[in-house]
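Participant: Take a look at the following structure, please.
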Amino acid sequence: MIFHHIIVALAGLTLFLFSMIRLTDAVRLHVTSTRIRSLFQYAVKTPLYGLITGIIVTILFQSSSATSVLAVGLVSSGLISFFHSLGIILGADIGTTLTIQFVVWKITDISPLFIIAGGCAWFLGKERWTQAGEAVFFFGLMFFGLQIVSVAAEPLKDSPHVVNFFKHTTNPLLGALIGLGFTAIVQSSAVPIALLVILGQYDLITLEKAFPLVLGANLGTAVTAMLAGIVANIEGKRSALSHFLFKFVGVLLCLIFLSPLTALVQAVSSSTPQQIALGHFVFNALLALLFLPILGPFSRLVVRILPGKEEVFSIWPGFLDKKYLSDADTALSRVQLELERQMILARRMMNKAIEMISTYAKGHYRDIIYIEDVVDSLQKEISDYLRNISQSPLEQETSKRLFLFTSMVDDIERIADHAVNIAELAELKHRRNVQFSTYADSDFDEIKNLVTKNVDDALSLMREQSNATIAHIFSREERVDQLFKEAKERHLERYYKKICHAEAGPIFIDLLINLERVSDHCENIAEDFGEIKGK
């Protein structure tokens, strides 16, 4: 009988984890990148704003791990600095306490209403309601999973084995280790702490026994960020290490002062479930109070532990100020500076994607996806700015320049899209363990080198419109087209001679197609600047 209840509880936990992941994905997909970036714009002003940003983003995602991994990824991509990620990470840990408070407030009891309302909006509503309905549906499903766990746990209060287990587990260090291990496995502190709240509702555990488990669960959340940091660059590794140090120092201090902290929480509430939720909140609030004032020296300490150069690129427009719209020529000069920033990001994506072909790195793929969101948003923001410029009376040459910039911003965005395609093909090549022949590698390297030079020169045209640079791009583009045709023919010949594996063929050809298209877009940019220079 107990075995049946355990199976049901595990099914509820599975549903909870599945729904949390889908809720995070739904929010990340449907909350526009512009809004998310506007939150991070505030985050880089002061550590306090970063803290608030972390809280808000975690409430949206319902997962501190998702926010921490996002912060590590943004740092690794060079979109925010390591220092500015620290406040976000501290805020994420506070934001996740709301999920546990929902369990205490028994949102689980009305979770079916969220499922029904969200499902109706998702399946029957218009597009805007569909997006919101999906998020509400998975929010309700997440707590419905906990409701299943709660129902399955109720008979456990009559089990002497369960009662004796919690009664005799008195070692705080052991409790912390259990919480750490459980959270590291499920990669969510909400799961074990929500379970403790449910056990508290049935008087199966007291705060004295639960608090060490809560501390261990909090330390376990750092494991997810550390895993993300393994595939990140040096900046991402610093953020992941900082998250671990925050938690480790906090857990160590709380274990030392466990008795007074327990007494403090018990003085606030007499309800065991509420005490557990408060303990979770108090721990993370104390971390913020402890580290927020010393983030400067703390970040310098981490840099000394993990030395290396940091390169940060702003995730929002730096030049598109409305005050320049009154002067079309000045406004277009600001647009050109923004196009340069967009092209720098596209080139960074291309370099990472091409590197993945020979040396696969999962972290590079994640970085490319993060940067691509920024490039897409910049495309929209630059296009909107150009549209605002066009509202004023313009001279013929100014109108021509505006039109060419409008074309250029789309070409840069398409280069970024092809970088994503190349990264996906690199991931497919790695996953299927596909190896190219030495002949194919030679063909690929020759085309890759030409395309890489064209991307570099397209960027240099943003700074200086040189006739020589434009000519070089045209020349290389002709050579790329010729080599692409020859490489395809040679590949087919090798395929018929059984020199190349069949599975390698589609990947190899698709890679060449994407590289050739990138070169086409570079040629378009060169043509645009040629027209501008020829006025």
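Chain labels run A, B, ... following the order of the structure tokens; each chain numbers its residues from 1, and ligands are numbered from 1 in the order shown.
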List as a ChimeraX atom specification the protein and nucleic acid residues near Ser64 in chain A, meaning an atom at most 8 Å away when only C-alpha atoms are counted, but skip any in the same chain fewer than 5 places from it.

Facilitator: /A:58,92-93,95-96,221

Participant: What's around Pro172 in chain A at 10 Å? Count only C-alpha atoms, leave out sequence neighbours fewer than 4 positions away in its own chain, and write the answer as a PyMOL selection string.

Facilitator: chain A and resi 176-178+208-213+215-216+255+258

Participant: For the selection you just gave me, I'd like the residues written to a file as a compact mmCIF listing (two decimals), in the first residue's frame, keeping all heavy atoms.

Facilitator:
# COMPACT_ATOMS: atom_id res chain seq x y z
N ALA A 176 21.40 18.55 5.93
CA ALA A 176 21.85 19.44 4.87
C ALA A 176 22.37 18.66 3.67
O ALA A 176 22.10 19.02 2.52
CB ALA A 176 22.92 20.39 5.40
N LEU A 177 23.09 17.58 3.94
CA LEU A 177 23.63 16.75 2.86
C LEU A 177 22.51 16.05 2.09
O LEU A 177 22.58 15.93 0.85
CB LEU A 177 24.61 15.71 3.42
CG LEU A 177 25.93 16.27 3.95
CD1 LEU A 177 26.76 15.17 4.60
CD2 LEU A 177 26.73 16.93 2.82
N ILE A 178 21.48 15.61 2.81
CA ILE A 178 20.33 14.98 2.13
C ILE A 178 19.63 16.00 1.23
O ILE A 178 19.30 15.71 0.08
CB ILE A 178 19.34 14.41 3.16
CG1 ILE A 178 19.96 13.22 3.90
CG2 ILE A 178 18.03 13.98 2.49
CD1 ILE A 178 19.13 12.70 5.06
N GLU A 208 12.84 22.18 13.30
CA GLU A 208 14.21 21.79 13.69
C GLU A 208 14.78 20.74 12.74
O GLU A 208 15.97 20.75 12.42
CB GLU A 208 14.21 21.23 15.12
CG GLU A 208 14.02 22.28 16.21
CD GLU A 208 12.55 22.58 16.45
OE1 GLU A 208 11.69 22.00 15.73
OE2 GLU A 208 12.25 23.38 17.34
N LYS A 209 13.92 19.82 12.29
CA LYS A 209 14.39 18.77 11.37
C LYS A 209 14.40 19.28 9.92
O LYS A 209 15.23 18.83 9.11
CB LYS A 209 13.45 17.55 11.46
CG LYS A 209 13.27 17.01 12.87
CD LYS A 209 14.53 16.31 13.35
CE LYS A 209 14.37 15.87 14.81
NZ LYS A 209 13.18 15.05 15.05
N ALA A 210 13.48 20.19 9.60
CA ALA A 210 13.34 20.64 8.21
C ALA A 210 14.36 21.70 7.82
O ALA A 210 14.81 21.72 6.66
CB ALA A 210 11.93 21.18 7.99
N PHE A 211 14.76 22.55 8.77
CA PHE A 211 15.62 23.69 8.42
C PHE A 211 16.95 23.25 7.80
O PHE A 211 17.38 23.80 6.78
CB PHE A 211 15.85 24.56 9.65
CG PHE A 211 16.14 26.00 9.32
CD1 PHE A 211 16.22 26.96 10.32
CD2 PHE A 211 16.34 26.42 8.01
CE1 PHE A 211 16.48 28.29 10.02
CE2 PHE A 211 16.60 27.75 7.71
CZ PHE A 211 16.67 28.68 8.71
N PRO A 212 17.65 22.25 8.36
CA PRO A 212 18.89 21.80 7.71
C PRO A 212 18.65 21.28 6.29
O PRO A 212 19.48 21.49 5.40
CB PRO A 212 19.39 20.68 8.63
CG PRO A 212 18.80 20.99 9.96
CD PRO A 212 17.45 21.56 9.66
N LEU A 213 17.52 20.60 6.07
CA LEU A 213 17.19 20.13 4.73
C LEU A 213 16.97 21.30 3.78
O LEU A 213 17.37 21.27 2.61
CB LEU A 213 15.94 19.25 4.77
CG LEU A 213 16.10 17.89 5.47
CD1 LEU A 213 14.74 17.31 5.81
CD2 LEU A 213 16.88 16.92 4.59
N LEU A 215 18.38 24.25 4.07
CA LEU A 215 19.71 24.82 3.80
C LEU A 215 20.43 24.00 2.73
O LEU A 215 21.03 24.56 1.80
CB LEU A 215 20.53 24.85 5.09
CG LEU A 215 20.00 25.75 6.22
CD1 LEU A 215 20.88 25.60 7.46
CD2 LEU A 215 19.94 27.21 5.78
N GLY A 216 20.37 22.68 2.86
CA GLY A 216 21.01 21.82 1.87
C GLY A 216 20.39 21.98 0.48
O GLY A 216 21.10 21.98 -0.53
N LEU A 255 24.22 27.04 9.72
CA LEU A 255 24.40 25.83 10.53
C LEU A 255 25.05 26.18 11.87
O LEU A 255 24.74 25.57 12.90
CB LEU A 255 25.26 24.82 9.77
CG LEU A 255 24.56 24.06 8.62
CD1 LEU A 255 25.55 23.17 7.89
CD2 LEU A 255 23.40 23.22 9.15
N LEU A 258 22.26 27.89 13.93
CA LEU A 258 21.00 27.22 13.62
C LEU A 258 19.95 27.44 14.70
O LEU A 258 18.78 27.73 14.41
CB LEU A 258 21.24 25.73 13.40
CG LEU A 258 20.05 24.92 12.89
CD1 LEU A 258 19.57 25.45 11.55
CD2 LEU A 258 20.43 23.44 12.78

Participant: What does the structure give for the distance between CA of Lys380 in chain A and CA of Thr406 in chain A, in Å to one decimal?

Facilitator: 10.5 Å

Participant: Can you tell me, as a short mmCIF file (atom, residue, chain, number, x, y, z; two decimals) with N, CA, C and O atoms, in the first residue's frame, what residues are no more than 12 Å from Trp105 in chain A when counting only C-alpha atoms, ignoring any on the same chain fewer than 3 positions away?

Facilitator:
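Result file follows (result39.cif):
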data_model
loop_
_atom_site.label_atom_id
_atom_site.label_comp_id
_atom_site.auth_asym_id
_atom_site.auth_seq_id
_atom_site.Cartn_x
_atom_site.Cartn_y
_atom_site.Cartn_z
N LEU A 98 8.77 32.51 -3.31
CA LEU A 98 7.34 32.71 -3.52
C LEU A 98 6.64 31.41 -3.91
O LEU A 98 5.49 31.17 -3.53
N THR A 99 7.34 30.56 -4.66
CA THR A 99 6.77 29.27 -5.05
C THR A 99 6.40 28.45 -3.83
O THR A 99 5.32 27.85 -3.76
N ILE A 100 7.28 28.44 -2.85
CA ILE A 100 7.02 27.68 -1.62
C ILE A 100 5.87 28.33 -0.84
O ILE A 100 5.04 27.63 -0.25
N GLN A 101 5.81 29.65 -0.86
CA GLN A 101 4.73 30.33 -0.15
C GLN A 101 3.38 29.99 -0.78
O GLN A 101 2.36 29.88 -0.09
N PHE A 102 3.36 29.81 -2.09
CA PHE A 102 2.13 29.38 -2.76
C PHE A 102 1.65 28.03 -2.22
O PHE A 102 0.44 27.80 -2.08
N THR A 108 -2.36 24.84 -4.25
CA THR A 108 -2.56 23.50 -4.80
C THR A 108 -4.04 23.11 -4.83
O THR A 108 -4.47 22.37 -5.73
N ASP A 109 -4.80 23.60 -3.86
CA ASP A 109 -6.22 23.23 -3.79
C ASP A 109 -7.03 23.79 -4.96
O ASP A 109 -8.03 23.20 -5.37
N ILE A 110 -6.61 24.95 -5.47
CA ILE A 110 -7.36 25.57 -6.58
C ILE A 110 -6.60 25.44 -7.90
O ILE A 110 -6.97 26.09 -8.89
N SER A 111 -5.57 24.60 -7.92
CA SER A 111 -4.79 24.43 -9.15
C SER A 111 -5.63 23.94 -10.32
O SER A 111 -5.37 24.35 -11.47
N PHE A 143 1.32 23.09 -9.75
CA PHE A 143 0.81 22.94 -8.38
C PHE A 143 -0.16 21.77 -8.26
O PHE A 143 -0.35 21.22 -7.16
N ALA A 194 9.12 22.11 -1.07
CA ALA A 194 7.66 21.93 -1.15
C ALA A 194 7.25 20.62 -0.48
O ALA A 194 6.21 20.56 0.20
N VAL A 197 7.15 21.21 3.19
CA VAL A 197 5.94 21.94 3.58
C VAL A 197 4.76 20.98 3.66
O VAL A 197 3.95 21.04 4.60
N ILE A 198 4.64 20.08 2.68
CA ILE A 198 3.55 19.09 2.68
C ILE A 198 3.66 18.17 3.88
O ILE A 198 2.66 17.87 4.56
N GLN A 201 2.50 19.94 6.88
CA GLN A 201 1.03 20.05 6.96
C GLN A 201 0.42 18.84 7.65
O GLN A 201 -0.67 18.92 8.22
N SER A 271 2.83 27.98 12.81
CA SER A 271 2.48 26.96 11.82
C SER A 271 3.76 26.38 11.22
O SER A 271 4.60 27.11 10.69
N PRO A 273 4.29 24.49 8.43
CA PRO A 273 4.50 24.78 7.01
C PRO A 273 4.96 26.21 6.76
O PRO A 273 5.86 26.45 5.94
N GLN A 274 4.34 27.18 7.48
CA GLN A 274 4.75 28.57 7.31
C GLN A 274 6.15 28.80 7.83
O GLN A 274 6.93 29.58 7.26
N ALA A 277 8.57 27.70 5.11
CA ALA A 277 8.63 28.70 4.04
C ALA A 277 9.38 29.94 4.50
O ALA A 277 10.18 30.51 3.75
#

Participant: Env of Ser383 in chain A: 9 Å cut, atoms = only C-alpha atoms, seq-sep filter 2 positions within chain, self excluded. Answer as a list in words.

Facilitator: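 Answer for this query is Leu378, Gln379, Lys380, Glu381, Tyr385, Leu386, Arg387, Asn388, Phe405, Thr406, Val409 and Asp410 of chain A.
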
Participant: Tell me, as a PyMOL selection string, which residues lie within 9 Å of Ile94 in chain A, counting only C-alpha atoms; anything in the same chain fewer than 5 positions away does not count.

Facilitator: chain A and resi 51+54-55+58+64+280-285+288

Participant: I need the residues from that last selection saved to file as a compact mmCIF listing (two decimals), in the first residue's frame (with N, CA and C atoms), if you can.

Facilitator:
# COMPACT_ATOMS: atom_id res chain seq x y z
N LEU A 51 19.29 42.93 -7.92
CA LEU A 51 18.55 42.08 -6.98
C LEU A 51 17.06 42.06 -7.32
N GLY A 54 16.41 40.12 -10.50
CA GLY A 54 16.45 38.68 -10.26
C GLY A 54 15.17 38.16 -9.63
N ILE A 55 14.61 38.94 -8.71
CA ILE A 55 13.36 38.54 -8.06
C ILE A 55 12.22 38.49 -9.09
N THR A 58 12.60 35.65 -11.71
CA THR A 58 12.36 34.34 -11.10
C THR A 58 10.88 34.12 -10.84
N SER A 64 14.42 29.57 -9.77
CA SER A 64 15.66 30.32 -9.57
C SER A 64 16.78 29.72 -10.40
N HIS A 280 13.11 29.32 4.57
CA HIS A 280 13.63 29.42 3.20
C HIS A 280 13.84 30.89 2.81
N PHE A 281 12.86 31.73 3.12
CA PHE A 281 12.96 33.16 2.79
C PHE A 281 14.04 33.85 3.61
N VAL A 282 14.08 33.58 4.91
CA VAL A 282 15.05 34.22 5.80
C VAL A 282 16.47 33.91 5.35
N PHE A 283 16.73 32.66 4.99
CA PHE A 283 18.07 32.27 4.54
C PHE A 283 18.50 33.12 3.34
N ASN A 284 17.64 33.21 2.33
CA ASN A 284 18.01 33.94 1.12
C ASN A 284 18.03 35.45 1.32
N ALA A 285 17.15 35.95 2.19
CA ALA A 285 17.18 37.38 2.50
C ALA A 285 18.46 37.75 3.25
N ALA A 288 21.31 38.07 0.82
CA ALA A 288 21.30 39.36 0.13
C ALA A 288 21.84 40.46 1.03

Participant: Hey, what does DSSP flag as helix (DSSP H, G or I) within range 265-470 of chain A? Can you give it to me as number ranges by chain?

Facilitator: A: 265-268, 272-305, 322-324, 328-358, 362-390, 396-431, 438-463, 467-470

Participant: For CA of Asp510 in chain A and CA of His472 in chain A, determine how far apart the two atoms are, in Å to one decimal place.

Facilitator: 25.1 Å

Participant: For each of A:Ile6, A:Ile371, A:Thr67, A:Leu459, take the minimum atom-to-atom distance to Ala225 in chain A, counting only C-alpha atoms, then give the residue where this is smallest.

Facilitator: A:Thr67
